[in-house]
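S.K.: Sharing a structure below in structure tokens format, with a few things to ask.
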Amino acid sequence: MLSEPRSGRLAAWGNALLAGLVSPDDAVLEIVGDDAVHRVEGLPGESAPVGLTLALGRLRALGVSGLRIALPAPGHPLGLSGPPEFNARAMDAEEAVICHGAAFGLVPEVYEAGPDGDVHVEVVWHCLAVREAPPADVPSLGEAERELAEALRDATEVLSRLDVAGSGPVAEAAIDAYRARAERGREVLAPGYPPRAVRVLELAQRVGLLVSLAYENGHGGAVSSAEMGARAEALRPVERVARRAQVAAYNSVVEERERGVR
């Protein structure tokens, strides 16, 4: 959760493009990020994978007016609405983009290509049919912000009690990297998103950082199996809240449009 999911970049900058706030070239540049190339496969009317610029234009022509994301995990189909075939692919990828205005969804498949020492990442987005229904378990921004405040407090308390709070050079480096990223500016969302969405997403990433540090630092002070189980049980709902908030932030533009805010 320390970096943007690919679905988040596609949804955020795709929404900015659909709203006419950025150019196609700028949107594609931001979506691709550090990857080498992104293509879309299975797009109606296309027999082969196409580039993102053409794909986003085609989706707009098909009636897509906005993009949401899903960040599902085992037992938690967060942001999904079916059918089962699409949900299964999204669950395997742990993320997906759901189109608003037309019943399509996009699931990324990531490949590494190139010789040793010069490996690059290529992404193919598979366009599939989705069910037009409310996404599962996505809170409003207000709900997400309240849940995150509680989750941050709970996470800090649990990790401190079990002696796995950020400590040592590795943890401190991770925290410094997070702070440096936050200070560089609001780069995690695209033009058109409300300030509250930026705030919620940054807080979700902060909570996610604490959870990641806990898992990456081994068992910390939890030396018995019972203590390790207690830690995992305590962290699970915290991680779930952070994922829910992340989805709420990325989806906020579409949600506000549906409510007539914009």
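By order in the structure tokens, chains are A, B, ...; within a chain, residues start at 1; ligands start at 1, following the order shown.
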Any idea what's packed within 6 Å of region 5-11 of chain A, counting only C-alpha atoms, ignoring anything in its chain fewer than 6 positions away? Could you give it as a PDB file with N, CA, C and O atoms, in the first residue's frame?

M.R.:
ATOM      1  N   ILE A  31      -0.359   7.038 -16.145  1.00  0.00           N
ATOM      2  CA  ILE A  31      -0.868   5.683 -15.911  1.00  0.00           C
ATOM      3  C   ILE A  31       0.249   4.654 -16.041  1.00  0.00           C
ATOM      4  O   ILE A  31       0.386   3.751 -15.212  1.00  0.00           O
ATOM      5  N   LEU A  67     -14.410   5.862 -13.984  1.00  0.00           N
ATOM      6  CA  LEU A  67     -13.717   4.620 -13.646  1.00  0.00           C
ATOM      7  C   LEU A  67     -13.617   4.473 -12.138  1.00  0.00           C
ATOM      8  O   LEU A  67     -13.239   5.417 -11.431  1.00  0.00           O
ATOM      9  N   ARG A  68     -13.962   3.304 -11.655  1.00  0.00           N
ATOM     10  CA  ARG A  68     -13.793   2.948 -10.243  1.00  0.00           C
ATOM     11  C   ARG A  68     -12.706   1.887 -10.131  1.00  0.00           C
ATOM     12  O   ARG A  68     -12.324   1.279 -11.126  1.00  0.00           O
ATOM     13  N   ALA A  96      -8.607  -4.309  -9.840  1.00  0.00           N
ATOM     14  CA  ALA A  96      -9.322  -4.209 -11.114  1.00  0.00           C
ATOM     15  C   ALA A  96      -9.866  -2.794 -11.237  1.00  0.00           C
ATOM     16  O   ALA A  96      -9.949  -2.041 -10.257  1.00  0.00           O
ATOM     17  N   VAL A  97     -10.236  -2.438 -12.467  1.00  0.00           N
ATOM     18  CA  VAL A  97     -10.908  -1.169 -12.748  1.00  0.00           C
ATOM     19  C   VAL A  97     -12.293  -1.498 -13.281  1.00  0.00           C
ATOM     20  O   VAL A  97     -12.444  -2.352 -14.162  1.00  0.00           O
TER      21      VAL A  97
END

S.K.: If you count only C-alpha atoms, which residues fall within 9 Å of region 191-205 of chain A, apart from same-chain ones fewer than 2 positions away, as an NGL selection string?

M.R.: :A and (1-3 or 12-13 or 15-16 or 19 or 21-22 or 141-142 or 144-145 or 148-149 or 152 or 178 or 182 or 186 or 188-189 or 207-210 or 241-253)

S.K.: Take the selection from the previous step and output its residues with C-alpha atoms, as a short mmCIF file (atom, residue, chain, number, x, y, z; two decimals), in the first residue's frame.

M.R.:
data_model
loop_
_atom_site.label_atom_id
_atom_site.label_comp_id
_atom_site.auth_asym_id
_atom_site.auth_seq_id
_atom_site.Cartn_x
_atom_site.Cartn_y
_atom_site.Cartn_z
CA MET A 1 0.00 0.00 0.00
CA LEU A 2 3.03 2.28 -0.04
CA SER A 3 2.75 2.80 -3.79
CA ALA A 12 -7.48 8.46 -11.39
CA TRP A 13 -5.91 9.68 -14.62
CA ASN A 15 -11.19 10.02 -14.81
CA ALA A 16 -9.19 13.21 -15.33
CA ALA A 19 -13.49 14.99 -17.54
CA LEU A 21 -8.84 17.99 -17.34
CA VAL A 22 -5.71 16.43 -18.87
CA LEU A 141 -15.19 9.29 2.00
CA GLY A 142 -16.60 10.46 5.33
CA ALA A 144 -13.54 5.98 5.37
CA GLU A 145 -11.94 8.94 7.13
CA LEU A 148 -9.07 5.30 9.32
CA ALA A 149 -8.63 7.54 12.35
CA LEU A 152 -4.47 4.28 12.91
CA TYR A 178 6.88 7.72 3.02
CA ALA A 182 4.13 12.99 1.00
CA ARG A 186 -0.21 15.45 -3.89
CA VAL A 188 -1.18 10.16 -5.73
CA LEU A 189 -4.35 11.53 -7.32
CA VAL A 207 -2.04 3.00 8.00
CA GLY A 208 -0.89 0.60 5.30
CA LEU A 209 2.71 1.52 6.04
CA LEU A 210 2.33 0.53 9.68
CA VAL A 241 -10.04 -0.57 6.66
CA ALA A 242 -7.04 0.87 4.81
CA ARG A 243 -7.99 -0.94 1.59
CA ARG A 244 -11.62 0.21 1.89
CA ALA A 245 -10.47 3.80 2.32
CA GLN A 246 -8.13 3.58 -0.64
CA VAL A 247 -10.98 2.40 -2.87
CA ALA A 248 -13.26 5.14 -1.52
CA ALA A 249 -10.66 7.79 -2.38
CA TYR A 250 -10.10 6.64 -5.95
CA ASN A 251 -13.83 6.16 -6.54
CA SER A 252 -14.88 9.50 -5.04
CA VAL A 253 -15.12 11.39 -8.34
#

S.K.: Please provide as a VMD selection string all residues within 12 Å of Asp118 (chain A), with the sequence filter that same-chain residues fewer than 5 positions apart are discarded (counting only C-alpha atoms).

M.R.: chain A and resid 36 112 to 113

S.K.: Please produce a file of the residues just selected, as a PDB file, in the first residue's frame, where the atoms kept are C-alpha atoms.

M.R.:
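Output below, filename part-v2.pdb:
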ATOM      1  CA  ALA A  36       7.481   0.004 -20.157  1.00  0.00           C
ATOM      2  CA  GLU A 112       8.547  -9.031 -17.000  1.00  0.00           C
ATOM      3  CA  ALA A 113      10.468  -8.986 -20.261  1.00  0.00           C
TER       4      ALA A 113
END

S.K.: Would you mind listing what lies within 7 Å of Cys99 (chain A) as a ChimeraX atom specification, with only C-alpha atoms counted and same-chain residues fewer than 4 positions away left out?

M.R.: /A:64,66-68,103-105

S.K.: Please provide the set of residues having any atom within 9 Å of region 83-94 of chain A, restricted to only C-alpha atoms, with same-chain residues fewer than 6 positions apart removed, written as a PyMOL selection string.

M.R.: chain A and resi 70-74+77+105-110+128-131

S.K.: Would you mind exporting the chosen residues as a PDB file, in the first residue's frame, restricted to C-alpha atoms?

M.R.:
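Contents of the output file part31.pdb:
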ATOM      1  CA  ALA A  70     -11.593  -2.714  -6.785  1.00  0.00           C
ATOM      2  CA  LEU A  71      -8.936  -4.038  -4.374  1.00  0.00           C
ATOM      3  CA  PRO A  72     -10.252  -7.479  -3.433  1.00  0.00           C
ATOM      4  CA  ALA A  73      -8.594  -9.933  -1.071  1.00  0.00           C
ATOM      5  CA  PRO A  74      -9.502 -13.503  -0.079  1.00  0.00           C
ATOM      6  CA  PRO A  77     -14.542  -8.842  -2.732  1.00  0.00           C
ATOM      7  CA  GLY A 105     -14.076  -4.086 -16.324  1.00  0.00           C
ATOM      8  CA  LEU A 106     -10.302  -4.150 -16.730  1.00  0.00           C
ATOM      9  CA  VAL A 107      -7.975  -6.574 -14.945  1.00  0.00           C
ATOM     10  CA  PRO A 108      -4.187  -6.177 -15.230  1.00  0.00           C
ATOM     11  CA  GLU A 109      -1.766  -8.962 -16.071  1.00  0.00           C
ATOM     12  CA  VAL A 110       1.863  -8.051 -15.428  1.00  0.00           C
ATOM     13  CA  LEU A 128     -14.226  -8.191 -19.633  1.00  0.00           C
ATOM     14  CA  ALA A 129     -17.953  -7.905 -19.080  1.00  0.00           C
ATOM     15  CA  VAL A 130     -19.106  -6.913 -15.585  1.00  0.00           C
ATOM     16  CA  ARG A 131     -22.444  -6.827 -13.821  1.00  0.00           C
TER      17      ARG A 131
END
